[in-house]
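Shown here: query-v3.pdb, PDB, C-alpha atoms.
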```
ATOM      1  CA  ARG S   1      18.407 -20.894  15.092  1.00  0.00           C
ATOM      2  CA  GLY S   2      21.388 -19.181  13.486  1.00  0.00           C
ATOM      3  CA  ARG S   3      23.926 -20.328  16.077  1.00  0.00           C
ATOM      4  CA  TYR S   4      26.704 -22.903  16.079  1.00  0.00           C
ATOM      5  CA  ARG S   5      29.071 -23.776  18.908  1.00  0.00           C
ATOM      6  CA  ALA S   6      31.793 -26.398  19.037  1.00  0.00           C
ATOM      7  CA  ALA S   7      34.713 -27.249  21.275  1.00  0.00           C
ATOM      8  CA  ALA S   8      37.627 -29.583  20.660  1.00  0.00           C
ATOM      9  CA  PHE S   9      39.237 -31.596  23.434  1.00  0.00           C
ATOM     10  CA  ARG S  10      42.242 -33.926  23.520  1.00  0.00           C
ATOM     11  CA  ASP S  11      42.653 -36.143  26.542  1.00  0.00           C
ATOM     12  CA  GLY S  12      40.207 -33.901  28.400  1.00  0.00           C
ATOM     13  CA  GLN S  13      42.123 -30.685  27.675  1.00  0.00           C
ATOM     14  CA  LEU S  14      40.430 -27.882  25.756  1.00  0.00           C
ATOM     15  CA  LEU S  15      42.114 -27.295  22.380  1.00  0.00           C
ATOM     16  CA  GLY S  16      39.748 -24.908  20.648  1.00  0.00           C
ATOM     17  CA  VAL S  17      36.350 -23.259  20.640  1.00  0.00           C
ATOM     18  CA  LEU S  18      34.219 -22.011  17.781  1.00  0.00           C
ATOM     19  CA  ALA S  19      31.083 -19.921  18.332  1.00  0.00           C
ATOM     20  CA  LEU S  20      29.058 -18.531  15.445  1.00  0.00           C
ATOM     21  CA  ALA S  21      26.007 -16.386  16.191  1.00  0.00           C
ATOM     22  CA  PRO S  22      24.569 -12.952  15.532  1.00  0.00           C
ATOM     23  CA  SER S  23      26.793 -10.362  17.213  1.00  0.00           C
ATOM     24  CA  ALA S  24      24.151  -9.541  19.831  1.00  0.00           C
ATOM     25  CA  GLU S  25      24.227 -13.165  21.011  1.00  0.00           C
ATOM     26  CA  ARG S  26      27.931 -13.900  21.008  1.00  0.00           C
ATOM     27  CA  PRO S  27      29.397 -15.338  24.201  1.00  0.00           C
ATOM     28  CA  THR S  28      32.012 -13.464  26.184  1.00  0.00           C
ATOM     29  CA  TRP S  29      35.556 -14.501  25.381  1.00  0.00           C
ATOM     30  CA  ASP S  30      36.678 -13.891  28.962  1.00  0.00           C
ATOM     31  CA  ALA S  31      34.859 -17.063  29.928  1.00  0.00           C
ATOM     32  CA  ALA S  32      36.434 -19.102  27.124  1.00  0.00           C
ATOM     33  CA  LYS S  33      39.896 -17.744  27.980  1.00  0.00           C
ATOM     34  CA  ALA S  34      39.461 -18.893  31.565  1.00  0.00           C
ATOM     35  CA  PHE S  35      38.771 -22.427  30.342  1.00  0.00           C
ATOM     36  CA  PHE S  36      42.020 -22.368  28.320  1.00  0.00           C
ATOM     37  CA  ARG S  37      44.051 -21.271  31.371  1.00  0.00           C
ATOM     38  CA  THR S  38      43.192 -24.316  33.440  1.00  0.00           C
ATOM     39  CA  GLN S  39      45.609 -27.210  33.148  1.00  0.00           C
ATOM     40  CA  GLU S  40      43.188 -29.684  34.715  1.00  0.00           C
ATOM     41  CA  LEU S  41      40.467 -31.674  33.011  1.00  0.00           C
ATOM     42  CA  LEU S  42      37.241 -29.731  32.718  1.00  0.00           C
ATOM     43  CA  GLU S  43      34.333 -31.141  34.666  1.00  0.00           C
ATOM     44  CA  PRO S  44      31.205 -32.008  32.670  1.00  0.00           C
ATOM     45  CA  SER S  45      29.413 -28.938  34.071  1.00  0.00           C
ATOM     46  CA  ALA S  46      32.239 -26.686  32.827  1.00  0.00           C
ATOM     47  CA  ARG S  47      32.094 -28.298  29.373  1.00  0.00           C
ATOM     48  CA  ARG S  48      28.335 -27.754  29.220  1.00  0.00           C
ATOM     49  CA  ALA S  49      28.750 -24.112  30.251  1.00  0.00           C
ATOM     50  CA  LEU S  50      31.360 -23.574  27.556  1.00  0.00           C
ATOM     51  CA  ILE S  51      29.314 -25.166  24.771  1.00  0.00           C
ATOM     52  CA  SER S  52      26.078 -23.510  25.862  1.00  0.00           C
ATOM     53  CA  GLY S  53      27.668 -20.073  25.713  1.00  0.00           C
ATOM     54  CA  ARG S  54      26.385 -19.509  29.235  1.00  0.00           C
ATOM     55  CA  ALA S  55      29.645 -19.621  31.132  1.00  0.00           C
ATOM     56  CA  GLU S  56      28.474 -16.389  32.704  1.00  0.00           C
ATOM     57  CA  SER S  57      25.219 -17.295  34.355  1.00  0.00           C
ATOM     58  CA  ALA S  58      22.927 -14.525  35.513  1.00  0.00           C
ATOM     59  CA  GLY S  59      24.053 -13.335  38.914  1.00  0.00           C
ATOM     60  CA  THR S  60      27.472 -15.001  38.926  1.00  0.00           C
ATOM     61  CA  GLY S  61      29.429 -12.377  37.000  1.00  0.00           C
ATOM     62  CA  PRO S  62      32.508 -12.945  34.840  1.00  0.00           C
ATOM     63  CA  LEU S  63      34.031 -16.394  35.159  1.00  0.00           C
ATOM     64  CA  VAL S  64      36.949 -16.647  37.593  1.00  0.00           C
ATOM     65  CA  CYS S  65      37.183 -20.402  38.267  1.00  0.00           C
ATOM     66  CA  ALA S  66      36.884 -22.379  35.041  1.00  0.00           C
ATOM     67  CA  CYS S  67      37.137 -25.769  36.740  1.00  0.00           C
ATOM     68  CA  HIS S  68      33.962 -25.245  38.748  1.00  0.00           C
ATOM     69  CA  THR S  69      32.384 -22.430  36.637  1.00  0.00           C
ATOM     70  CA  VAL S  70      32.394 -19.980  39.552  1.00  0.00           C
ATOM     71  CA  GLY S  71      31.869 -16.320  38.731  1.00  0.00           C
ATOM     72  CA  LEU S  72      33.166 -13.114  40.264  1.00  0.00           C
ATOM     73  CA  ASP S  73      29.902 -12.235  42.015  1.00  0.00           C
ATOM     74  CA  THR S  74      29.705 -15.668  43.631  1.00  0.00           C
ATOM     75  CA  ILE S  75      33.224 -15.304  45.037  1.00  0.00           C
ATOM     76  CA  ARG S  76      32.516 -11.764  46.278  1.00  0.00           C
ATOM     77  CA  ALA S  77      29.360 -13.034  47.996  1.00  0.00           C
ATOM     78  CA  ALA S  78      31.372 -15.814  49.671  1.00  0.00           C
ATOM     79  CA  ILE S  79      33.893 -13.254  50.947  1.00  0.00           C
ATOM     80  CA  LYS S  80      31.131 -10.991  52.237  1.00  0.00           C
ATOM     81  CA  GLY S  81      29.581 -14.041  53.860  1.00  0.00           C
ATOM     82  CA  GLY S  82      32.697 -14.637  55.953  1.00  0.00           C
ATOM     83  CA  ALA S  83      35.120 -16.517  53.682  1.00  0.00           C
ATOM     84  CA  HIS S  84      38.230 -14.515  54.535  1.00  0.00           C
ATOM     85  CA  GLY S  85      40.885 -16.776  53.005  1.00  0.00           C
ATOM     86  CA  VAL S  86      41.496 -18.779  49.841  1.00  0.00           C
ATOM     87  CA  GLU S  87      40.617 -22.043  51.582  1.00  0.00           C
ATOM     88  CA  ALA S  88      37.436 -20.554  53.030  1.00  0.00           C
ATOM     89  CA  VAL S  89      36.384 -19.299  49.582  1.00  0.00           C
ATOM     90  CA  GLY S  90      36.998 -22.809  48.240  1.00  0.00           C
ATOM     91  CA  ALA S  91      34.888 -24.320  50.995  1.00  0.00           C
ATOM     92  CA  ALA S  92      32.083 -21.851  50.294  1.00  0.00           C
ATOM     93  CA  CYS S  93      31.883 -22.112  46.498  1.00  0.00           C
ATOM     94  CA  LYS S  94      34.604 -24.566  45.293  1.00  0.00           C
ATOM     95  CA  ALA S  95      36.610 -21.817  43.537  1.00  0.00           C
ATOM     96  CA  GLY S  96      40.335 -22.519  43.703  1.00  0.00           C
ATOM     97  CA  THR S  97      39.957 -26.134  44.796  1.00  0.00           C
ATOM     98  CA  ASN S  98      40.996 -27.909  41.599  1.00  0.00           C
ATOM     99  CA  CYS S  99      43.864 -26.707  39.390  1.00  0.00           C
ATOM    100  CA  GLY S 100      44.616 -23.525  41.350  1.00  0.00           C
ATOM    101  CA  SER S 101      45.021 -21.193  38.364  1.00  0.00           C
ATOM    102  CA  CYS S 102      42.360 -18.856  39.803  1.00  0.00           C
ATOM    103  CA  ILE S 103      43.962 -18.591  43.249  1.00  0.00           C
ATOM    104  CA  PRO S 104      45.913 -15.395  42.401  1.00  0.00           C
ATOM    105  CA  GLU S 105      42.649 -13.761  41.295  1.00  0.00           C
ATOM    106  CA  ILE S 106      40.900 -14.967  44.465  1.00  0.00           C
ATOM    107  CA  ARG S 107      43.731 -13.452  46.547  1.00  0.00           C
ATOM    108  CA  LYS S 108      43.289 -10.116  44.752  1.00  0.00           C
ATOM    109  CA  LEU S 109      39.550 -10.232  45.394  1.00  0.00           C
ATOM    110  CA  LEU S 110      40.139 -11.019  49.066  1.00  0.00           C
ATOM    111  CA  ALA S 111      42.522  -8.068  49.394  1.00  0.00           C
ATOM    112  CA  ALA S 112      40.100  -5.719  47.639  1.00  0.00           C
ATOM    113  CA  GLU S 113      36.992  -6.885  49.500  1.00  0.00           C
ATOM    114  CA  LEU S 114      38.632  -7.001  52.930  1.00  0.00           C
ATOM    115  CA  ALA S 115      40.568  -3.740  52.638  1.00  0.00           C
ATOM    116  CA  PRO S 116      39.379  -1.129  55.132  1.00  0.00           C
ATOM    117  CA  ALA S 117      37.205   1.523  53.523  1.00  0.00           C
ATOM    118  CA  SER S 118      39.046   4.810  53.210  1.00  0.00           C
ATOM    119  CA  ALA S 119      37.596   7.628  55.242  1.00  0.00           C
TER     120      ALA S 119
END
```

Taking this structure as input, can you express it in the form of structure tokens?
Amino acid sequence: RGRYRAAAFRDGQLLGVLALAPSAERPTWDAAKAFFRTQELLEPSARRALISGRAESAGTGPLVCACHTVGLDTIRAAIKGGAHGVEAVGAACKAGTNCGSCIPEIRKLLAAELAPASA
């Protein structure tokens, strides 16, 4: 099909990723970079998302939490649904509940989403 994807792991840690495909079908590197930032072992679902090139599923937005493959839109929806703290976001969608590397981004999203609208 004109595509090749591979990932190398050592002791459960991501070492490298290779994705070859026509330019119109290339995966976003933001997702792959998020997987490299995590210091924890990637769950099987995160590994499948990385290899499939679908780390950004339709409707979830750019990947924020690599451990649980949670996207920006999912976190924003959790905040709008009443998750007004990092722990509440974690309870709603699991983001920030494993290695914690996405917690600073979740805090920024909370501040932005919960800021009063300027008049």

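One finds atom CA of Phe9 of chain S at 22.9 Å from atom CA of Pro62 of chain S.
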
(request) Just give me the gap between atom CA of Tyr4 of chain S and atom CA of Ser52 of chain S in Å, one decimal is fine. (result)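 Distance between the two atoms: 9.8 Å.
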
(request) Please evaluate the PyMOL selection byres ((chain S and resi 14) around 10) against the structure above and give the resulting residues as JSON, numbers by chain. (result) {"S": [7, 8, 9, 10, 11, 12, 13, 15, 16, 17, 32, 35, 36, 37, 38, 39, 40, 41, 42, 47]}

(request) Name all residues at most 10 Å from segment 79-89 of chain S (count only C-alpha atoms; drop same-chain ones fewer than 3 positions away) and give them as a list in words. (result)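 My list of contacting residues is Asp73, Thr74, Ile75, Arg76, Ala92, Cys93, Lys94, Ala95, Gly96, Thr97, Ile103, Pro104, Glu105, Ile106, Arg107, Leu109, Leu110, Ala111, Glu113 and Leu114 of chain S.
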
(message) Let me make sure I understand: among S:Ala91, S:Ala24, S:Ala112, S:Cys102, which one has the smallest atom-to-atom distance to Ala78 of chain S if we use only C-alpha atoms?
(response)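 Among S:Ala91, S:Ala24, S:Ala112, S:Cys102, it is S:Ala91 that comes nearest to Ala78 of chain S.
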
(message) One decimal, in Å: what's the spacing between atom CA of Pro44 of chain S and atom CA of Ala77 of chain S?
(response)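 Computing it gives 24.5 Å between the two atoms.
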
(message) List the spatial neighbours of Leu72 of chain S as a ChimeraX atom specification - criterion: any atom at most 7 Å away, all atoms listed in the file, same-chain residues fewer than 6 positions off excluded.
(response) /S:60-64

(message) Need the shell around Arg3 of chain S: protein/DNA/RNA residues with any atom at most 6 Å away, counting only C-alpha atoms. Skip same-chain ones fewer than 2 positions apart. Format as a ChimeraX atom specification?
(response) /S:1,20-21

(request) Name the closest residue to Ile51 of chain S among the candidates S:Arg5, S:Gly90, S:Leu18, S:Lys108; distances are taken between atoms, counting all atoms listed in the file. (result) S:Arg5

I'd like the box whose edges run along x, y and z of the file and which contains every listed atom of segment 71-77 of chain S, padded by 8 Å per side; could you state its centre and edge lengths in Å, one decimal, as lines of an AutoDock Vina configuration file?
```
center_x = 31.3
center_y = -14.0
center_z = 43.4
size_x = 19.9
size_y = 20.6
size_z = 25.3
```
